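Structure file entry26.cif; described as mmCIF, C-alpha atoms.
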```cif
data_upload
#
loop_
_atom_site.group_PDB
_atom_site.id
_atom_site.type_symbol
_atom_site.label_atom_id
_atom_site.label_comp_id
_atom_site.auth_asym_id
_atom_site.auth_seq_id
_atom_site.Cartn_x
_atom_site.Cartn_y
_atom_site.Cartn_z
ATOM 1 C CA MET Z 1 22.138 28.429 28.299
ATOM 2 C CA LYS Z 2 18.702 27.123 28.983
ATOM 3 C CA LEU Z 3 16.268 26.003 26.334
ATOM 4 C CA SER Z 4 12.703 26.479 27.332
ATOM 5 C CA ALA Z 5 9.926 24.790 25.413
ATOM 6 C CA ASN Z 6 6.664 26.590 24.971
ATOM 7 C CA ALA Z 7 3.223 25.130 24.310
ATOM 8 C CA ALA Z 8 3.762 25.227 20.555
ATOM 9 C CA ASP Z 9 6.964 23.190 20.909
ATOM 10 C CA TYR Z 10 5.127 20.516 22.873
ATOM 11 C CA ARG Z 11 2.372 20.447 20.309
ATOM 12 C CA VAL Z 12 4.832 20.088 17.437
ATOM 13 C CA ALA Z 13 6.607 17.256 19.284
ATOM 14 C CA ARG Z 14 3.348 15.437 20.000
ATOM 15 C CA PHE Z 15 1.978 15.749 16.490
ATOM 16 C CA ALA Z 16 5.338 14.927 14.908
ATOM 17 C CA THR Z 17 5.430 11.732 16.984
ATOM 18 C CA ALA Z 18 2.000 10.741 15.695
ATOM 19 C CA ALA Z 19 3.058 11.481 12.116
ATOM 20 C CA ILE Z 20 6.271 9.449 12.519
ATOM 21 C CA VAL Z 21 4.361 6.463 13.919
ATOM 22 C CA LEU Z 22 1.987 6.540 10.945
ATOM 23 C CA ALA Z 23 4.837 6.890 8.458
ATOM 24 C CA VAL Z 24 6.784 3.981 9.970
ATOM 25 C CA ALA Z 25 3.687 1.759 10.238
ATOM 26 C CA GLU Z 26 2.796 2.540 6.658
ATOM 27 C CA ALA Z 27 6.237 1.463 5.462
ATOM 28 C CA ALA Z 28 5.256 -2.105 6.376
ATOM 29 C CA ILE Z 29 2.475 -2.135 3.769
ATOM 30 C CA PRO Z 30 3.636 -3.915 0.631
ATOM 31 C CA THR Z 31 3.396 -1.766 -2.481
ATOM 32 C CA PRO Z 32 3.703 -2.641 -6.164
ATOM 33 C CA LEU Z 33 5.680 0.510 -6.925
ATOM 34 C CA PRO Z 34 8.196 2.322 -4.713
ATOM 35 C CA GLY Z 35 6.685 5.509 -3.372
ATOM 36 C CA LEU Z 36 3.090 4.412 -3.899
ATOM 37 C CA LYS Z 37 1.595 4.661 -0.427
ATOM 38 C CA PRO Z 38 -1.368 6.238 1.363
ATOM 39 C CA GLY Z 39 0.625 8.994 3.092
ATOM 40 C CA LEU Z 40 -1.332 8.760 6.326
ATOM 41 C CA ALA Z 41 1.161 10.995 8.105
ATOM 42 C CA ASN Z 42 -0.161 13.846 6.002
ATOM 43 C CA ILE Z 43 -3.424 13.662 7.917
ATOM 44 C CA VAL Z 44 -1.488 14.818 10.968
ATOM 45 C CA VAL Z 45 0.167 17.625 9.003
ATOM 46 C CA LEU Z 46 -3.240 18.799 7.757
ATOM 47 C CA ILE Z 47 -4.759 18.736 11.230
ATOM 48 C CA VAL Z 48 -1.876 20.848 12.547
ATOM 49 C CA LEU Z 49 -2.207 23.212 9.579
ATOM 50 C CA LEU Z 50 -5.926 23.776 10.121
ATOM 51 C CA ARG Z 51 -5.689 24.009 13.898
ATOM 52 C CA HIS Z 52 -2.383 25.715 14.535
ATOM 53 C CA GLY Z 53 -1.208 27.241 11.262
ATOM 54 C CA TRP Z 54 1.351 26.644 8.561
ATOM 55 C CA ARG Z 55 4.491 27.184 10.651
ATOM 56 C CA GLU Z 56 3.746 24.366 13.047
ATOM 57 C CA ALA Z 57 2.544 22.133 10.209
ATOM 58 C CA ALA Z 58 5.859 22.704 8.430
ATOM 59 C CA TRP Z 59 7.768 21.742 11.575
ATOM 60 C CA VAL Z 60 5.759 18.544 11.913
ATOM 61 C CA ALA Z 61 6.297 17.671 8.248
ATOM 62 C CA VAL Z 62 10.045 18.305 8.352
ATOM 63 C CA LEU Z 63 10.524 16.340 11.581
ATOM 64 C CA ARG Z 64 8.417 13.521 10.165
ATOM 65 C CA VAL Z 65 10.543 13.217 6.999
ATOM 66 C CA LEU Z 66 13.822 13.338 8.895
ATOM 67 C CA ILE Z 67 12.965 11.002 11.746
ATOM 68 C CA ALA Z 68 10.805 8.491 9.885
ATOM 69 C CA ASN Z 69 13.582 8.073 7.319
ATOM 70 C CA LEU Z 70 16.161 7.817 10.085
ATOM 71 C CA LEU Z 71 14.149 5.066 11.774
ATOM 72 C CA LEU Z 72 13.613 3.214 8.510
ATOM 73 C CA GLY Z 73 17.311 3.392 7.633
ATOM 74 C CA GLN Z 74 16.595 5.534 4.590
ATOM 75 C CA LEU Z 75 18.186 8.779 5.703
ATOM 76 C CA LEU Z 76 20.144 10.283 2.775
ATOM 77 C CA ALA Z 77 19.132 7.357 0.537
ATOM 78 C CA PRO Z 78 17.443 8.240 -2.765
ATOM 79 C CA GLY Z 79 14.005 7.619 -1.278
ATOM 80 C CA PHE Z 80 14.710 10.208 1.395
ATOM 81 C CA PHE Z 81 15.371 12.949 -1.137
ATOM 82 C CA LEU Z 82 12.230 12.044 -3.054
ATOM 83 C CA SER Z 83 10.289 12.135 0.190
ATOM 84 C CA ALA Z 84 11.840 15.474 1.180
ATOM 85 C CA ALA Z 85 11.153 17.015 -2.233
ATOM 86 C CA GLY Z 86 7.558 15.819 -2.060
ATOM 87 C CA SER Z 87 7.077 17.216 1.417
ATOM 88 C CA ALA Z 88 8.630 20.549 0.527
ATOM 89 C CA ALA Z 89 6.394 20.885 -2.516
ATOM 90 C CA SER Z 90 3.252 19.995 -0.589
ATOM 91 C CA LEU Z 91 4.144 22.467 2.157
ATOM 92 C CA LEU Z 92 4.539 25.211 -0.440
ATOM 93 C CA MET Z 93 1.252 24.183 -1.997
ATOM 94 C CA LEU Z 94 -0.431 24.241 1.414
ATOM 95 C CA MET Z 95 0.958 27.707 2.086
ATOM 96 C CA LEU Z 96 -0.879 28.913 -1.019
ATOM 97 C CA ALA Z 97 -3.955 26.701 -0.663
ATOM 98 C CA GLN Z 98 -4.717 27.739 2.898
ATOM 99 C CA ARG Z 99 -5.661 31.137 1.488
ATOM 100 C CA LEU Z 100 -8.632 29.558 -0.291
ATOM 101 C CA PRO Z 101 -11.895 30.642 1.372
ATOM 102 C CA PRO Z 102 -12.514 28.064 4.130
ATOM 103 C CA ARG Z 103 -16.255 28.317 3.636
ATOM 104 C CA TRP Z 104 -15.925 26.578 0.249
ATOM 105 C CA PHE Z 105 -12.669 24.681 0.421
ATOM 106 C CA GLY Z 106 -12.009 22.261 3.257
ATOM 107 C CA ALA Z 107 -9.503 19.620 4.278
ATOM 108 C CA VAL Z 108 -10.222 17.561 1.169
ATOM 109 C CA SER Z 109 -9.088 20.356 -1.156
ATOM 110 C CA LEU Z 110 -5.928 20.909 0.865
ATOM 111 C CA SER Z 111 -5.199 17.197 0.995
ATOM 112 C CA LEU Z 112 -5.728 16.689 -2.752
ATOM 113 C CA LEU Z 113 -3.649 19.709 -3.743
ATOM 114 C CA ALA Z 114 -0.840 18.687 -1.395
ATOM 115 C CA ALA Z 115 -0.917 15.112 -2.718
ATOM 116 C CA PHE Z 116 -0.561 16.291 -6.321
ATOM 117 C CA ALA Z 117 2.220 18.715 -5.403
ATOM 118 C CA HIS Z 118 3.922 15.799 -3.635
ATOM 119 C CA ILE Z 119 3.900 13.393 -6.587
ATOM 120 C CA GLY Z 120 4.656 16.206 -9.022
ATOM 121 C CA ALA Z 121 7.851 17.156 -7.216
ATOM 122 C CA GLN Z 122 8.839 13.522 -6.790
ATOM 123 C CA LEU Z 123 8.430 12.744 -10.468
ATOM 124 C CA VAL Z 124 10.371 15.842 -11.488
ATOM 125 C CA LEU Z 125 13.219 15.046 -9.088
ATOM 126 C CA ALA Z 126 13.230 11.406 -10.192
ATOM 127 C CA ARG Z 127 13.368 12.492 -13.839
ATOM 128 C CA LEU Z 128 16.183 14.983 -13.237
ATOM 129 C CA TRP Z 129 18.271 12.803 -10.998
ATOM 130 C CA LEU Z 130 17.424 9.114 -10.576
ATOM 131 C CA VAL Z 131 15.913 8.064 -13.896
ATOM 132 C CA PRO Z 132 17.121 10.555 -16.505
ATOM 133 C CA HIS Z 133 14.797 9.182 -19.155
ATOM 134 C CA GLU Z 134 11.470 10.376 -20.514
ATOM 135 C CA GLY Z 135 10.024 6.940 -19.801
ATOM 136 C CA ILE Z 136 9.497 7.938 -16.168
ATOM 137 C CA TRP Z 137 6.466 9.984 -17.236
ATOM 138 C CA LEU Z 138 4.728 6.725 -18.107
ATOM 139 C CA LEU Z 139 4.353 6.297 -14.346
ATOM 140 C CA SER Z 140 2.632 9.629 -13.851
ATOM 141 C CA PRO Z 141 -0.944 8.336 -14.415
ATOM 142 C CA VAL Z 142 -0.356 5.702 -11.732
ATOM 143 C CA PHE Z 143 0.915 8.240 -9.227
ATOM 144 C CA ALA Z 144 -1.775 10.755 -10.143
ATOM 145 C CA SER Z 145 -4.495 8.144 -9.591
ATOM 146 C CA ALA Z 146 -2.991 7.244 -6.232
ATOM 147 C CA ALA Z 147 -2.830 10.930 -5.269
ATOM 148 C CA LEU Z 148 -6.469 11.372 -6.259
ATOM 149 C CA VAL Z 149 -7.658 8.384 -4.214
ATOM 150 C CA PHE Z 150 -5.441 8.773 -1.164
ATOM 151 C CA GLY Z 151 -5.664 12.572 -1.231
ATOM 152 C CA SER Z 152 -9.469 12.390 -1.056
ATOM 153 C CA ILE Z 153 -9.538 9.706 1.637
ATOM 154 C CA ASN Z 154 -6.924 11.462 3.780
ATOM 155 C CA GLY Z 155 -8.828 14.723 3.390
ATOM 156 C CA LEU Z 156 -12.069 13.139 4.545
ATOM 157 C CA ILE Z 157 -10.328 11.500 7.503
ATOM 158 C CA THR Z 158 -8.808 14.883 8.384
ATOM 159 C CA ALA Z 159 -12.215 16.594 8.222
ATOM 160 C CA ARG Z 160 -13.730 13.874 10.405
ATOM 161 C CA LEU Z 161 -10.923 14.026 12.971
ATOM 162 C CA LEU Z 162 -11.133 17.810 13.137
ATOM 163 C CA ARG Z 163 -14.810 17.451 13.951
ATOM 164 C CA GLU Z 164 -14.361 14.715 16.543
ATOM 165 C CA LEU Z 165 -11.125 15.705 18.272
ATOM 166 C CA PRO Z 166 -11.546 17.819 21.370
ATOM 167 C CA PRO Z 167 -10.904 21.500 20.657
ATOM 168 C CA PRO Z 168 -7.313 22.551 21.257
ATOM 169 C CA GLU Z 169 -6.718 23.344 24.931
ATOM 170 C CA PRO Z 170 -5.980 26.971 25.721
ATOM 171 C CA THR Z 171 -2.296 27.673 25.973
ATOM 172 C CA GLU Z 172 -1.048 27.504 29.523
ATOM 173 C CA PRO Z 173 2.740 27.475 29.566
ATOM 174 C CA ALA Z 174 2.840 27.128 33.352
ATOM 175 C CA ALA Z 175 0.878 23.898 33.315
ATOM 176 C CA LEU Z 176 3.260 22.443 30.773
ATOM 177 C CA GLY Z 177 6.492 23.439 32.493
ATOM 178 C CA MET P 1 -20.905 6.181 9.768
ATOM 179 C CA GLY P 2 -21.987 5.502 6.209
ATOM 180 C CA ALA P 3 -20.615 6.741 2.913
ATOM 181 C CA ARG P 4 -23.153 9.563 2.894
ATOM 182 C CA ASP P 5 -21.881 10.898 6.208
ATOM 183 C CA TRP P 6 -18.302 10.751 4.966
ATOM 184 C CA LEU P 7 -19.180 12.697 1.819
ATOM 185 C CA ALA P 8 -20.987 15.277 3.931
ATOM 186 C CA LEU P 9 -17.542 16.197 5.283
ATOM 187 C CA ALA P 10 -16.536 17.566 1.875
ATOM 188 C CA LYS P 11 -17.308 21.174 1.022
ATOM 189 C CA PRO P 12 -18.548 22.361 -2.407
ATOM 190 C CA GLY P 13 -15.112 23.580 -3.448
ATOM 191 C CA ASP P 14 -13.674 20.213 -2.505
ATOM 192 C CA TYR P 15 -15.766 18.590 -5.240
ATOM 193 C CA LEU P 16 -14.492 21.200 -7.668
ATOM 194 C CA VAL P 17 -10.879 20.441 -6.762
ATOM 195 C CA PHE P 18 -11.561 16.700 -7.001
ATOM 196 C CA VAL P 19 -13.128 16.988 -10.453
ATOM 197 C CA ALA P 20 -10.299 19.211 -11.712
ATOM 198 C CA LEU P 21 -7.615 16.842 -10.462
ATOM 199 C CA ALA P 22 -9.522 13.790 -11.746
ATOM 200 C CA ALA P 23 -9.558 15.454 -15.161
ATOM 201 C CA LEU P 24 -5.824 16.064 -14.864
ATOM 202 C CA THR P 25 -5.318 12.382 -14.025
ATOM 203 C CA ALA P 26 -7.439 11.287 -16.993
ATOM 204 C CA LEU P 27 -5.482 13.625 -19.267
ATOM 205 C CA SER P 28 -2.194 12.199 -18.050
ATOM 206 C CA CYS P 29 -3.478 8.688 -18.873
ATOM 207 C CA LEU P 30 -4.478 9.786 -22.369
ATOM 208 C CA HIS P 31 -1.290 11.687 -22.971
ATOM 209 C CA PHE P 32 1.233 9.227 -21.641
ATOM 210 C CA TRP P 33 -0.467 5.907 -22.306
ATOM 211 C CA SER P 34 -1.987 6.360 -25.720
ATOM 212 C CA SER P 35 0.159 4.273 -27.996
ATOM 213 C CA GLU P 36 1.588 6.054 -30.953
ATOM 214 C CA ARG P 37 0.467 4.212 -34.066
ATOM 215 C CA PRO P 38 3.561 2.877 -35.782
ATOM 216 C CA SER P 39 3.662 3.260 -39.534
ATOM 217 C CA LEU P 40 6.824 1.427 -40.505
ATOM 218 C CA VAL P 41 8.609 -1.796 -39.659
ATOM 219 C CA VAL P 42 12.372 -1.697 -40.040
ATOM 220 C CA VAL P 43 14.305 -4.954 -40.199
ATOM 221 C CA ARG P 44 18.037 -4.875 -39.739
ATOM 222 C CA ALA P 45 20.705 -7.549 -40.093
ATOM 223 C CA LYS P 46 24.310 -6.996 -38.996
ATOM 224 C CA GLY P 47 23.403 -3.373 -38.380
ATOM 225 C CA LYS P 48 22.299 -2.778 -41.962
ATOM 226 C CA THR P 49 18.688 -2.092 -42.850
ATOM 227 C CA VAL P 50 17.514 -4.969 -45.027
ATOM 228 C CA ALA P 51 13.854 -4.025 -45.197
ATOM 229 C CA SER P 52 11.698 -1.035 -44.386
ATOM 230 C CA LEU P 53 8.046 -1.887 -44.939
ATOM 231 C CA PRO P 54 4.824 0.002 -44.348
ATOM 232 C CA LEU P 55 2.745 -1.522 -41.571
ATOM 233 C CA ASP P 56 -0.528 -1.518 -43.452
ATOM 234 C CA ARG P 57 -0.309 -4.862 -45.219
ATOM 235 C CA ALA P 58 0.827 -8.373 -44.380
ATOM 236 C CA ALA P 59 4.243 -9.604 -45.391
ATOM 237 C CA LYS P 60 6.699 -12.341 -44.568
ATOM 238 C CA LEU P 61 10.439 -11.901 -44.620
ATOM 239 C CA GLU P 62 13.345 -14.262 -44.362
ATOM 240 C CA VAL P 63 16.506 -12.644 -43.112
ATOM 241 C CA ARG P 64 19.811 -14.460 -43.193
ATOM 242 C CA GLY P 65 22.172 -14.113 -40.255
ATOM 243 C CA PRO P 66 25.255 -15.977 -39.013
ATOM 244 C CA LEU P 67 23.158 -18.766 -37.420
ATOM 245 C CA GLY P 68 20.584 -19.180 -40.148
ATOM 246 C CA ILE P 69 17.339 -17.648 -41.197
ATOM 247 C CA THR P 70 15.136 -15.401 -39.034
ATOM 248 C CA HIS P 71 11.504 -15.337 -40.093
ATOM 249 C CA VAL P 72 9.769 -11.992 -39.677
ATOM 250 C CA GLU P 73 6.024 -11.687 -39.996
ATOM 251 C CA VAL P 74 4.227 -8.412 -40.634
ATOM 252 C CA GLU P 75 0.498 -7.840 -40.306
ATOM 253 C CA PRO P 76 -1.433 -4.579 -40.481
ATOM 254 C CA GLY P 77 -0.368 -2.596 -37.409
ATOM 255 C CA ARG P 78 1.962 -5.175 -35.956
ATOM 256 C CA ALA P 79 5.040 -7.282 -36.576
ATOM 257 C CA ARG P 80 6.892 -10.128 -34.907
ATOM 258 C CA VAL P 81 9.773 -12.511 -35.202
ATOM 259 C CA ALA P 82 7.996 -15.748 -36.050
ATOM 260 C CA ALA P 83 11.051 -17.983 -35.875
ATOM 261 C CA ASP P 84 14.736 -17.534 -35.140
ATOM 262 C CA PRO P 85 17.676 -19.945 -34.909
ATOM 263 C CA GLY P 86 19.024 -18.270 -31.732
ATOM 264 C CA PRO P 87 19.404 -20.420 -28.601
ATOM 265 C CA ARG P 88 17.278 -18.423 -26.167
ATOM 266 C CA GLN P 89 14.427 -17.256 -28.407
ATOM 267 C CA TYR P 90 13.922 -13.973 -26.570
ATOM 268 C CA CYS P 91 12.925 -12.082 -29.709
ATOM 269 C CA VAL P 92 10.411 -14.790 -30.626
ATOM 270 C CA LYS P 93 8.888 -14.918 -27.142
ATOM 271 C CA GLN P 94 8.409 -11.158 -27.226
ATOM 272 C CA GLY P 95 5.487 -11.823 -29.569
ATOM 273 C CA TRP P 96 3.757 -9.152 -31.588
ATOM 274 C CA LEU P 97 5.166 -5.638 -31.444
ATOM 275 C CA THR P 98 2.449 -3.015 -31.612
ATOM 276 C CA ARG P 99 3.872 0.272 -30.291
ATOM 277 C CA ALA P 100 6.072 2.727 -32.091
ATOM 278 C CA GLY P 101 9.572 2.421 -30.681
ATOM 279 C CA ALA P 102 9.165 -1.258 -29.820
ATOM 280 C CA ILE P 103 12.003 -3.464 -30.965
ATOM 281 C CA ALA P 104 12.738 -7.187 -30.937
ATOM 282 C CA ILE P 105 16.405 -8.054 -31.099
ATOM 283 C CA CYS P 106 17.649 -11.504 -32.029
ATOM 284 C CA ALA P 107 21.186 -10.816 -30.894
ATOM 285 C CA PRO P 108 22.785 -14.190 -31.743
ATOM 286 C CA ASN P 109 21.583 -13.981 -35.317
ATOM 287 C CA GLU P 110 22.220 -10.233 -35.479
ATOM 288 C CA VAL P 111 18.703 -9.406 -36.629
ATOM 289 C CA SER P 112 16.378 -6.762 -35.226
ATOM 290 C CA VAL P 113 12.797 -5.797 -35.956
ATOM 291 C CA ALA P 114 11.703 -2.305 -34.960
ATOM 292 C CA LEU P 115 8.457 -0.402 -35.297
ATOM 293 C CA GLU P 116 8.845 3.228 -36.187
ATOM 294 C CA GLY P 117 6.743 6.189 -37.133
ATOM 295 C CA GLY P 118 4.368 8.426 -35.328
ATOM 296 C CA GLN P 119 6.618 9.872 -32.697
ATOM 297 C CA SER P 120 8.513 7.054 -31.083
ATOM 298 C CA ARG P 121 9.049 8.786 -27.794
ATOM 299 C CA TYR P 122 9.942 5.714 -25.807
ATOM 300 C CA ASP P 123 12.063 2.677 -26.432
ATOM 301 C CA SER P 124 11.038 -0.704 -25.229
ATOM 302 C CA MET P 125 13.244 -3.690 -24.974
ATOM 303 C CA SER P 126 12.994 -7.205 -23.613
ATOM 304 C CA TYR P 127 16.219 -8.900 -22.721
#
```

For the structure just supplied, provide its representation as structure tokens.
Amino acid sequence: MKLSANAADYRVARFATAAIVLAVAEAAIPTPLPGLKPGLANIVVLIVLLRHGWREAAWVAVLRVLIANLLLGQLLAPGFFLSAAGSAASLLMLMLAQRLPPRWFGAVSLSLLAAFAHIGAQLVLARLWLVPHEGIWLLSPVFASAALVFGSINGLITARLLRELPPPEPTEPAALG
Amino acid sequence: MGARDWLALAKPGDYLVFVALAALTALSCLHFWSSERPSLVVVRAKGKTVASLPLDRAAKLEVRGPLGITHVEVEPGRARVAADPGPRQYCVKQGWLTRAGAIAICAPNEVSVALEGGQSRYDSMSY
């Protein structure tokens, strides 16, 4: 059996690598509250979504969660499940949000909506599983504020990168082989 | 690239989404962080309620426990353990209690002071 990679596979691998690097680098930033972080890797996911569609973006996001957590020694630790739940929720949100008319809603909308889906799912999972106490909701304003700030900034960075990056090269499987 | 250029990257709908989510964030602050006004201070010794006072006027209580007397002070809207014979003084150091559900426990002297009323949705404890 021979596995052959097409152009999309190479793209997913390249973008996933960039997302993993950002996620691992970001883990070095000290944070006052576990899970409170900029989520820079999501910029990569958004770029892939807007350039190459939801399917490839989902691949990048899933690979990022798995491999970044593997590298950080968090695979199957509680933080991994929170991260996975957050990613799954933001992917679902992006699937819906990408139907918004692109003339009016850009990367910032997508980034903000995904960020809120992310923290929403994490808080719900944390409430159901890790901290079965209503007190966890006291943290929601903190996480919502972070999602608002980082969601906006990541969205603007995404919009800027989409403008400045060279347009995607036409697909030439032969050149990649 | 200045701030103006960065903002130019946002589309009209993006501002709409931002404002809506900012409102959601503000609402979550109001909803989860507004302190429920307590209406009652309940003082217990050896598990039995020895006093249940409204929180709208000042009062001073002396509660006897196994180690001696715990002094409880009540002011409008707040209450504290002013003095306690316990060795570690945790309940005294906790200071004024202001939120419904807050409780100061002087475990060695078996005395507790709790604020109740409103809806005490959350417990708080220092130990």

>> So that I can see what lies close to Leu61 of chain P, please list as a PyMOL selection string the residues with an atom at most 12 Å from it, counting only C-alpha atoms and leaving out residues fewer than 2 positions away in the same chain.
In response: chain P and resi 41-44+50-53+58-59+63-64+69-75+79-84+111+113

Given a cut-off of 6 Å, which residues of chain Z touch chain P, counting only C-alpha atoms, written out as a PDB file with C-alpha atoms, keeping the file's coordinate frame?
```
ATOM      1  CA  TRP Z 104     -15.925  26.578   0.249  1.00  0.00           C
ATOM      2  CA  PHE Z 105     -12.669  24.681   0.421  1.00  0.00           C
ATOM      3  CA  GLY Z 106     -12.009  22.261   3.257  1.00  0.00           C
ATOM      4  CA  VAL Z 108     -10.222  17.561   1.169  1.00  0.00           C
ATOM      5  CA  SER Z 109      -9.088  20.356  -1.156  1.00  0.00           C
ATOM      6  CA  LEU Z 138       4.728   6.725 -18.107  1.00  0.00           C
ATOM      7  CA  PRO Z 141      -0.944   8.336 -14.415  1.00  0.00           C
ATOM      8  CA  ALA Z 144      -1.775  10.755 -10.143  1.00  0.00           C
TER       9      ALA Z 144
END
```

>> I'd like the residues picked by the PyMOL selection byres ((chain Z and resi 163) around 12) written out as a ChimeraX atom specification, using the chain letters and numbers from the file.
In response: /Z:47,50-51,107,156-162,164-168 /P:6,8-9

> Exactly which residues make up the result of the PyMOL selection byres ((chain Z and resi 154) around 10) on this file, given as a ChimeraX atom specification?
Replying inline: /Z:38-44,46,107-108,110-112,115,147,149-153,155-160

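Every protein, DNA or RNA residue with an atom at most 10 Å from Pro38 of chain P, where all atoms listed in the file count and chain neighbours fewer than 6 positions away do not, is listed here: Pro54, Leu55, Asp56, Gly77, Arg78, Leu97, Thr98, Arg99, Ala100, Gly101, Ala102, Ala114, Leu115, Glu116, Gly117, Gly118, Gln119 and Ser120 of chain P.
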
The selected residues should be written to file as a compact mmCIF listing (two decimals), keeping the file's coordinate frame (atoms: C-alpha atoms).
```txt
# COMPACT_ATOMS: atom_id res chain seq x y z
CA PRO P 54 4.82 0.00 -44.35
CA LEU P 55 2.74 -1.52 -41.57
CA ASP P 56 -0.53 -1.52 -43.45
CA GLY P 77 -0.37 -2.60 -37.41
CA ARG P 78 1.96 -5.18 -35.96
CA LEU P 97 5.17 -5.64 -31.44
CA THR P 98 2.45 -3.02 -31.61
CA ARG P 99 3.87 0.27 -30.29
CA ALA P 100 6.07 2.73 -32.09
CA GLY P 101 9.57 2.42 -30.68
CA ALA P 102 9.16 -1.26 -29.82
CA ALA P 114 11.70 -2.31 -34.96
CA LEU P 115 8.46 -0.40 -35.30
CA GLU P 116 8.85 3.23 -36.19
CA GLY P 117 6.74 6.19 -37.13
CA GLY P 118 4.37 8.43 -35.33
CA GLN P 119 6.62 9.87 -32.70
CA SER P 120 8.51 7.05 -31.08
```

>> Which residues, named as in the file, does the PyMOL selection byres ((chain Z and resi 17-25) around 10) pick out? Answer as JSON, numbers by chain.
In response: {"Z": [11, 12, 13, 14, 15, 16, 26, 27, 28, 29, 37, 38, 39, 40, 41, 42, 43, 44, 45, 60, 61, 63, 64, 65, 66, 67, 68, 69, 71, 72]}

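Straight-line separation from atom CA of Leu76 of chain Z to atom CA of Leu96 of chain Z: 28.3 Å.
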
> At what distance in Å, to one decimal, does atom CA of Gly73 of chain Z lie from atom CA of Ala88 of chain Z?
Replying inline: 20.5 Å

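Computed from the coordinates, the atom CA of Leu91 of chain Z to atom CA of Ala20 of chain P distance equals 20.3 Å.
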